[in-house]
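Below is one structure, written out as structure tokens; comments come after it.
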Amino acid sequence: MVNAAVHHHAKQIFLYLLSGGTGAVVEIVSYLLLLRLGMWYITASVIAFFLSNATAFALHKYIVFKKPNDFLRHLKGHLTVEGFNFLVTNLLLFIFVEYTQLGEEWSKILTMGLGASWNFLLFKFLVFV
């Protein structure tokens with residue numbers, strides 16, 4: 001019984017990391033591309049954030065948590081969590097870029113990691129229930 005529960009959660013965490021990694025790749029690649037095109041780092045971050053979250057929502061909903069029903073309820077919960085993440089990570093990005101020596105690229109990577117650190121629990125217990 002315990003072994004089955006551990007296996008289920010381990011598989012779900014693995015899929016979450018894989019789907020989150022896919023979203024992170026979408027975010028960092030689009031962010032860096034937009035920076036290279038001369039876009040301001042905050043604008044680039046906003047666009048990259050929305051692209052990655054559309055990707056992550058679909059992967060989390062249908063692959064990780066396997067919740068094909070209640071699309072609008074899950075979307076509302078996902079947008080609420082991501083709205084919080086959006087505000088906090090962009091505030092941190094601004095602080096890191098403007099007040100440390102990390103630079104735009106490393107600051108973005110750091111803020112993405114910080115945001116991902118609390119997302120699994122928020123999605124599992126608040127959104128896809």
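In the structure tokens, each chain is lettered A, B, ... as it comes, each chain's residues begin at 1, and ligands are numbered from 1 in order of appearance.
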Find the residues around segment 76-92 of chain A up to 8 Å (only C-alpha atoms counted), leave out those fewer than 6 positions away in its own chain, and share them as a list in words.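 Listing them by chain and then by number gives Ile42, Ser45, Val46, Phe49, Asn53, Phe57, Thr111, Met112, Leu114, Gly115, Asn119, Leu122, Phe123, Leu126 and Val127 of chain A.
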Please report, as a PyMOL selection string, each residue of chain A to which DSSP assigns alpha helix (DSSP H) when run on this structure's backbone. chain A and resi 2-36+41-59+71-99+103-122
Quick one: write out the picked residues with C-alpha atoms as a compact mmCIF listing (two decimals), in the first residue's frame?
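File written: out-v2.txt
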```txt
# COMPACT_ATOMS: atom_id res chain seq x y z
CA VAL A 2 2.71 2.48 1.01
CA ASN A 3 4.90 1.38 -1.87
CA ALA A 4 2.09 2.06 -4.38
CA ALA A 5 1.52 5.55 -2.93
CA VAL A 6 5.24 6.34 -3.03
CA HIS A 7 5.45 5.08 -6.62
CA HIS A 8 2.44 7.21 -7.65
CA HIS A 9 3.88 10.37 -6.10
CA ALA A 10 7.38 9.70 -7.43
CA LYS A 11 5.99 9.24 -10.95
CA GLN A 12 3.88 12.39 -10.61
CA ILE A 13 6.84 14.42 -9.35
CA PHE A 14 8.98 13.11 -12.23
CA LEU A 15 6.30 14.10 -14.77
CA TYR A 16 5.94 17.47 -13.04
CA LEU A 17 9.69 18.08 -13.31
CA LEU A 18 9.65 17.03 -16.96
CA SER A 19 6.69 19.24 -17.85
CA GLY A 20 8.01 22.09 -15.72
CA GLY A 21 11.37 21.69 -17.43
CA THR A 22 9.66 21.97 -20.78
CA GLY A 23 7.91 25.15 -19.64
CA ALA A 24 11.21 26.47 -18.30
CA VAL A 25 12.95 25.82 -21.63
CA VAL A 26 10.15 27.68 -23.43
CA GLU A 27 10.50 30.56 -20.95
CA ILE A 28 14.28 30.92 -20.95
CA VAL A 29 14.68 30.44 -24.71
CA SER A 30 11.97 32.97 -25.55
CA TYR A 31 13.33 35.39 -22.90
CA LEU A 32 16.88 35.20 -24.27
CA LEU A 33 15.67 35.49 -27.85
CA LEU A 34 13.63 38.59 -27.01
CA LEU A 35 16.61 40.10 -25.17
CA ARG A 36 18.79 39.51 -28.22
CA TYR A 41 14.23 42.63 -19.91
CA ILE A 42 10.92 43.11 -18.04
CA THR A 43 8.87 43.09 -21.28
CA ALA A 44 10.80 40.03 -22.47
CA SER A 45 10.12 38.36 -19.13
CA VAL A 46 6.38 39.05 -19.33
CA ILE A 47 6.06 37.59 -22.84
CA ALA A 48 8.22 34.57 -21.99
CA PHE A 49 6.22 33.99 -18.80
CA PHE A 50 2.93 33.79 -20.69
CA LEU A 51 4.33 31.48 -23.38
CA SER A 52 5.77 29.10 -20.81
CA ASN A 53 2.64 29.08 -18.69
CA ALA A 54 0.38 28.15 -21.58
CA THR A 55 2.73 25.21 -22.19
CA ALA A 56 2.94 24.28 -18.50
CA PHE A 57 -0.83 24.46 -17.93
CA ALA A 58 -1.57 22.00 -20.72
CA LEU A 59 1.16 19.60 -19.59
CA PHE A 71 -11.14 23.16 -17.62
CA LEU A 72 -12.30 26.61 -16.51
CA ARG A 73 -11.93 25.84 -12.79
CA HIS A 74 -8.40 24.53 -13.32
CA LEU A 75 -7.51 27.43 -15.60
CA LYS A 76 -8.75 29.92 -12.99
CA GLY A 77 -6.70 28.23 -10.25
CA HIS A 78 -3.65 27.99 -12.49
CA LEU A 79 -3.90 31.66 -13.44
CA THR A 80 -4.25 32.62 -9.77
CA VAL A 81 -1.08 30.73 -8.80
CA GLU A 82 0.74 32.01 -11.86
CA GLY A 83 -0.45 35.57 -11.23
CA PHE A 84 1.18 35.36 -7.81
CA ASN A 85 4.32 33.90 -9.39
CA PHE A 86 4.30 36.55 -12.09
CA LEU A 87 4.29 39.39 -9.57
CA VAL A 88 6.82 37.88 -7.19
CA THR A 89 9.28 36.61 -9.80
CA ASN A 90 9.28 39.85 -11.78
CA LEU A 91 9.78 41.87 -8.60
CA LEU A 92 12.70 39.58 -7.72
CA LEU A 93 14.03 39.84 -11.27
CA PHE A 94 13.99 43.64 -11.02
CA ILE A 95 15.74 43.55 -7.62
CA PHE A 96 18.39 41.08 -8.79
CA VAL A 97 19.13 42.95 -12.04
CA GLU A 98 19.14 46.43 -10.55
CA TYR A 99 20.78 45.76 -7.17
CA GLY A 103 22.86 40.32 -14.77
CA GLU A 104 19.67 39.79 -16.73
CA GLU A 105 20.27 36.16 -17.72
CA TRP A 106 21.33 34.72 -14.35
CA SER A 107 18.71 36.76 -12.53
CA LYS A 108 16.01 35.22 -14.73
CA ILE A 109 17.29 31.69 -14.13
CA LEU A 110 17.38 32.29 -10.37
CA THR A 111 13.86 33.71 -10.23
CA MET A 112 12.53 30.83 -12.34
CA GLY A 113 14.07 28.35 -9.91
CA LEU A 114 12.61 30.12 -6.92
CA GLY A 115 9.15 30.15 -8.49
CA ALA A 116 9.32 26.48 -9.41
CA SER A 117 10.27 25.55 -5.86
CA TRP A 118 6.79 26.21 -4.46
CA ASN A 119 4.66 25.52 -7.54
CA PHE A 120 4.29 21.72 -7.27
CA LEU A 121 2.56 21.91 -3.90
CA LEU A 122 0.36 24.83 -4.94
```
Using Å and a single decimal, report how far atom CA of Gln101 of chain A sits from atom CA of Leu37 of chain A.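 Computing the Euclidean distance for atom CA of Leu37 of chain A and atom CA of Gln101 of chain A yields 22.4 Å.
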Atom CA of Val64 of chain A to atom CA of Phe125 of chain A, distance in Å rounded to a single decimal: 13.2 Å
